[in-house]
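Q: First the structure, which I've put down as structure tokens, then a few questions once you've had a look.
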Amino acid sequence: MSLPGLPPGLQKDKAPGLSLKRQLLLWLLLPQLLLWLVGGLLAYRIALNYAEKGIDQSLTQSVRSLARQVKPMGSGLLVDFPRAARDILEEDPTDRVSYMVSSPPGQFVLGNSKLPDPLLDVHVEPGKPLIYETLLDKKPVRVALLEVNYGDAEAPQRLRVQVAKSLAVQQRIARELVADMLVPLVLLGALIGTVVFIGVGRGLQPLKRLEALLGDRAHRSVTTLLPIALTQAPLEVHSLAEAVNQMLAAVRRSLGQEKRFINDAAHQLRTPLAGLISQTELALAERDPQALQERLTKVHAGALRSAHLVHQLLSLARTEADITPQPLDVAALAREVAREWTPRAISAGIDLGYEGEDSLVTQGEKLLLREALSNLIDNALHYAGRGATVTLRVQRQQGFAVVEVEDNGPGLQEADVPRVFERFWRASELPGGCGLGLAIVQEITLRHRGTAEARNMDPQGLCVRLRLPLPAFPLTSGDFRHPPPFPPVP
């Protein structure tokens, strides 16, 4: 999608990345997947820990039960072991259980002679079971060890009982616990993912509507590039729509200015160019040198009027662009412009003077304000008449820099005063004007957030006044190193 008035490089991204929807889904679902994996590992570790505690409790009970079946008798031991061993072995038919009785510790009495001792030289306190892990037939097992004393109290003997269980049961229990926990978590995660997917889709619907509205406006004329209205949308989308509306307003304004300039140029240049062509054709057919001279004089005058009109049209188009304010002494600028126009005023027999402030600093664009002052003086010199007086005045009034050009010429009819700033309107048929001078003045003043007005003087004459806002604080040369542009005037 492209918008008229935008540079080609800004109309379309040639290398688009992932869509916003995919990015949101990735940022929302990938962390959840990572959390699920971490949660699964933690759940498995917790399940192993609980299974280990269950096995340790079972081993402790088994080793105590076996130890109670070995009873001292005289100088020997009475072992009532077959039934106890059967009970232990039948406790879990799917699990492998090994046992060993030794007295003194390490000297085999009965059971499985392969059960190893603890790997470390650990002190075993009689009557307190010790749990440790080791390998039996190259397979990991968990062993409960219990030592008891028997015989003469002065010279007791020690009996060691060991019971070992394979860790397969621990792993099976852990897997069962993890499965019991993860299945609901996976279902819950799938439900959350579905909700997130639907929610992201619904959340992006305002952007889809915004895209549709922009696409509908993309190839329309300037009169239909209306602002976008989103009645129901998140705050961020409203902000985006507001930024787009500002861009559309700029495009609409730019296209309007372009269209207005083309229409004005086509309308105003048609007649002078036709006159030039006619006079040139007559001059080519003329044989009398004096008549030919008169024709060429008219061609020259017509060319000057056309050149002046083109200059005024270009000036008017330039005033419609945004301006960048700078510190500006409007009083010094007015005196400078008055000096530039003094030779023409003298040749026209008009007294041109300046009065007012010596210095009055405001903010604006010097080139445009010079154009406005020049047009005001040019208009006054052109219509005031020989022998008139023209005064350029600059003064401070209630927070405004007031610039006036006053003459004591014939002035205007009261009914014509409100029309002086209209484009191509002229109150006099005197040659040399095109009706754009005061329109340019008003446009420049509006660009500076000021106002322009005209009034008749008593007993005669015309005064055109410009009011330019002064800054609320004194300006220095460093105040506009990076000045913001004045906002455009619709």
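Simple scheme: letters A, B, ... for chains in structure tokens order, numbers from 1 for residues in each chain, numbers from 1 for ligands in the order shown.
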Do a neighbour search on region 449-461 of chain A at 10 Å with only C-alpha atoms, toss out local chain neighbours closer than 4 positions, and write the hits as an MDAnalysis selection string.

A: chainID A and resid 364 380 384 388:390 400:414 417:421 438:439 441:445 465:470 486:489

Q: Which neighbours of Gln279 (chain A) fall inside 8 Å, counting only C-alpha atoms, when residues of the same chain fewer than 5 positions from it are skipped, and could you give them as a PyMOL selection string?

A: chain A and resi 295-296+298-299

Q: Please measure the separation of CA of Ala164 (chain A) and CA of Leu59 (chain A), giving the value in Å to one decimal.

A: 7.4 Å

Q: Among the residues of region 407-464 of chain A, find those DSSP assigns to strand (DSSP E or B) from the backbone and print them as a list in words.

A: Asp407, Thr451, Ala452, Glu453, Ala454, Arg455, Asn456, Leu462, Cys463 and Val464 of chain A

Q: Taking 5 positions as the minimum chain separation for residues in the same chain, which residues sit within 6 Å of region 351-358 of chain A when counting only C-alpha atoms? Answer as a PyMOL selection string.

A: chain A and resi 389-395

Q: Please measure the separation of CA of Pro140 (chain A) and CA of Ser166 (chain A), giving the value in Å to one decimal.

A: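 Those two atoms sit 6.4 Å apart.
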
Q: What's around Ser58 (chain A) at 12 Å? Count only C-alpha atoms, leave out sequence neighbours fewer than 4 positions away in its own chain, and write the answer as a PyMOL selection string.

A: chain A and resi 51-54+62-65+88+91-92+97+129+131+142-144+163-165+169-170

Q: Leaving out Ala332 (chain A) and any residue of its chain fewer than 2 positions from it, which residues lie within 8 Å of it when counting only C-alpha atoms, given as a ChimeraX atom specification?

A: /A:329-330,334-336,358-360

Q: Could you write out that same residue set with N, CA, C and O atoms as a PDB file, in the first residue's frame?

A:
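The file below, result-v7.pdb, is the result:
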```pdb
ATOM      1  N   ASP A 329      15.198  40.330  14.505  1.00  0.00           N
ATOM      2  CA  ASP A 329      14.913  41.713  14.881  1.00  0.00           C
ATOM      3  C   ASP A 329      14.054  42.312  13.783  1.00  0.00           C
ATOM      4  O   ASP A 329      14.547  42.729  12.728  1.00  0.00           O
ATOM      5  N   VAL A 330      12.738  42.352  14.010  1.00  0.00           N
ATOM      6  CA  VAL A 330      11.825  42.793  12.976  1.00  0.00           C
ATOM      7  C   VAL A 330      11.975  44.289  12.707  1.00  0.00           C
ATOM      8  O   VAL A 330      11.737  44.763  11.581  1.00  0.00           O
ATOM      9  N   ALA A 334      12.782  45.797   9.063  1.00  0.00           N
ATOM     10  CA  ALA A 334      11.918  46.800   8.431  1.00  0.00           C
ATOM     11  C   ALA A 334      12.739  47.978   7.918  1.00  0.00           C
ATOM     12  O   ALA A 334      12.493  48.482   6.806  1.00  0.00           O
ATOM     13  N   ARG A 335      13.693  48.445   8.692  1.00  0.00           N
ATOM     14  CA  ARG A 335      14.543  49.566   8.234  1.00  0.00           C
ATOM     15  C   ARG A 335      15.343  49.157   6.999  1.00  0.00           C
ATOM     16  O   ARG A 335      15.523  49.941   6.054  1.00  0.00           O
ATOM     17  N   GLU A 336      15.837  47.904   7.001  1.00  0.00           N
ATOM     18  CA  GLU A 336      16.620  47.427   5.856  1.00  0.00           C
ATOM     19  C   GLU A 336      15.766  47.370   4.591  1.00  0.00           C
ATOM     20  O   GLU A 336      16.195  47.800   3.506  1.00  0.00           O
ATOM     21  N   ASP A 358      13.651  50.877  17.860  1.00  0.00           N
ATOM     22  CA  ASP A 358      15.001  50.682  17.335  1.00  0.00           C
ATOM     23  C   ASP A 358      15.336  49.192  17.223  1.00  0.00           C
ATOM     24  O   ASP A 358      16.087  48.785  16.335  1.00  0.00           O
ATOM     25  N   SER A 359      14.789  48.399  18.152  1.00  0.00           N
ATOM     26  CA  SER A 359      15.042  46.958  18.132  1.00  0.00           C
ATOM     27  C   SER A 359      13.840  46.255  18.746  1.00  0.00           C
ATOM     28  O   SER A 359      13.355  46.645  19.803  1.00  0.00           O
ATOM     29  N   LEU A 360      13.364  45.213  18.058  1.00  0.00           N
ATOM     30  CA  LEU A 360      12.225  44.433  18.547  1.00  0.00           C
ATOM     31  C   LEU A 360      12.409  43.003  18.038  1.00  0.00           C
ATOM     32  O   LEU A 360      12.177  42.699  16.871  1.00  0.00           O
TER      33      LEU A 360
END
```

Q: Any idea what the distance is between CA of Val124 (chain A) and CA of Asn112 (chain A)?

A: 20.6 Å

Q: Excluding region 26-29 of chain A and any residue of its chain fewer than 4 positions from it, enumerate the residues within 10 Å of it, using only C-alpha atoms, and give them as a ChimeraX atom specification.

A: /A:20-22,33-35,189,192-194,196-197,200

Q: Include N, CA, C and O atoms and write out the residues we just selected as a PDB file, in the first residue's frame.

A:
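As written to disk, selection_32.pdb reads:
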```pdb
ATOM      1  N   LEU A  20       3.485  -8.886  13.076  1.00  0.00           N
ATOM      2  CA  LEU A  20       3.288  -8.547  14.483  1.00  0.00           C
ATOM      3  C   LEU A  20       2.602  -9.699  15.220  1.00  0.00           C
ATOM      4  O   LEU A  20       2.929  -9.991  16.376  1.00  0.00           O
ATOM      5  N   LYS A  21       1.668 -10.366  14.552  1.00  0.00           N
ATOM      6  CA  LYS A  21       0.970 -11.478  15.190  1.00  0.00           C
ATOM      7  C   LYS A  21       1.936 -12.607  15.526  1.00  0.00           C
ATOM      8  O   LYS A  21       1.896 -13.176  16.631  1.00  0.00           O
ATOM      9  N   ARG A  22       2.826 -12.940  14.579  1.00  0.00           N
ATOM     10  CA  ARG A  22       3.790 -14.011  14.847  1.00  0.00           C
ATOM     11  C   ARG A  22       4.746 -13.618  15.958  1.00  0.00           C
ATOM     12  O   ARG A  22       5.104 -14.444  16.817  1.00  0.00           O
ATOM     13  N   LEU A  33       6.439 -22.328  26.851  1.00  0.00           N
ATOM     14  CA  LEU A  33       7.030 -23.631  26.566  1.00  0.00           C
ATOM     15  C   LEU A  33       8.284 -23.858  27.402  1.00  0.00           C
ATOM     16  O   LEU A  33       8.511 -24.952  27.950  1.00  0.00           O
ATOM     17  N   LEU A  34       9.111 -22.808  27.503  1.00  0.00           N
ATOM     18  CA  LEU A  34      10.318 -22.928  28.327  1.00  0.00           C
ATOM     19  C   LEU A  34       9.960 -23.184  29.784  1.00  0.00           C
ATOM     20  O   LEU A  34      10.584 -24.022  30.454  1.00  0.00           O
ATOM     21  N   LEU A  35       8.953 -22.473  30.270  1.00  0.00           N
ATOM     22  CA  LEU A  35       8.530 -22.684  31.662  1.00  0.00           C
ATOM     23  C   LEU A  35       7.975 -24.090  31.863  1.00  0.00           C
ATOM     24  O   LEU A  35       8.190 -24.708  32.911  1.00  0.00           O
ATOM     25  N   GLY A 189      -1.677 -25.965  29.387  1.00  0.00           N
ATOM     26  CA  GLY A 189      -0.861 -25.170  28.474  1.00  0.00           C
ATOM     27  C   GLY A 189      -1.480 -25.057  27.094  1.00  0.00           C
ATOM     28  O   GLY A 189      -1.448 -23.990  26.470  1.00  0.00           O
ATOM     29  N   ILE A 192      -4.225 -22.567  27.403  1.00  0.00           N
ATOM     30  CA  ILE A 192      -3.691 -21.205  27.478  1.00  0.00           C
ATOM     31  C   ILE A 192      -3.190 -20.749  26.113  1.00  0.00           C
ATOM     32  O   ILE A 192      -3.402 -19.604  25.690  1.00  0.00           O
ATOM     33  N   GLY A 193      -2.496 -21.659  25.393  1.00  0.00           N
ATOM     34  CA  GLY A 193      -2.014 -21.304  24.054  1.00  0.00           C
ATOM     35  C   GLY A 193      -3.156 -20.955  23.113  1.00  0.00           C
ATOM     36  O   GLY A 193      -3.066 -19.996  22.333  1.00  0.00           O
ATOM     37  N   THR A 194      -4.235 -21.720  23.198  1.00  0.00           N
ATOM     38  CA  THR A 194      -5.404 -21.421  22.352  1.00  0.00           C
ATOM     39  C   THR A 194      -5.994 -20.067  22.700  1.00  0.00           C
ATOM     40  O   THR A 194      -6.334 -19.269  21.822  1.00  0.00           O
ATOM     41  N   VAL A 196      -4.428 -17.563  24.118  1.00  0.00           N
ATOM     42  CA  VAL A 196      -3.485 -16.525  23.680  1.00  0.00           C
ATOM     43  C   VAL A 196      -3.602 -16.291  22.179  1.00  0.00           C
ATOM     44  O   VAL A 196      -3.611 -15.144  21.704  1.00  0.00           O
ATOM     45  N   PHE A 197      -3.703 -17.374  21.405  1.00  0.00           N
ATOM     46  CA  PHE A 197      -3.819 -17.236  19.948  1.00  0.00           C
ATOM     47  C   PHE A 197      -5.075 -16.454  19.574  1.00  0.00           C
ATOM     48  O   PHE A 197      -5.044 -15.538  18.748  1.00  0.00           O
ATOM     49  N   VAL A 200      -4.660 -12.739  20.784  1.00  0.00           N
ATOM     50  CA  VAL A 200      -3.792 -11.936  19.918  1.00  0.00           C
ATOM     51  C   VAL A 200      -4.523 -11.562  18.632  1.00  0.00           C
ATOM     52  O   VAL A 200      -4.444 -10.425  18.152  1.00  0.00           O
TER      53      VAL A 200
END
```

Q: Just want the 9 Å neighbourhood of Leu207 (chain A), counted on only C-alpha atoms, with same-chain residues fewer than 4 positions away dropped. Output as a list in words.

A: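 Answer for this query is Gly203, Glu211, Ala212, Ala233 and Val237 of chain A.
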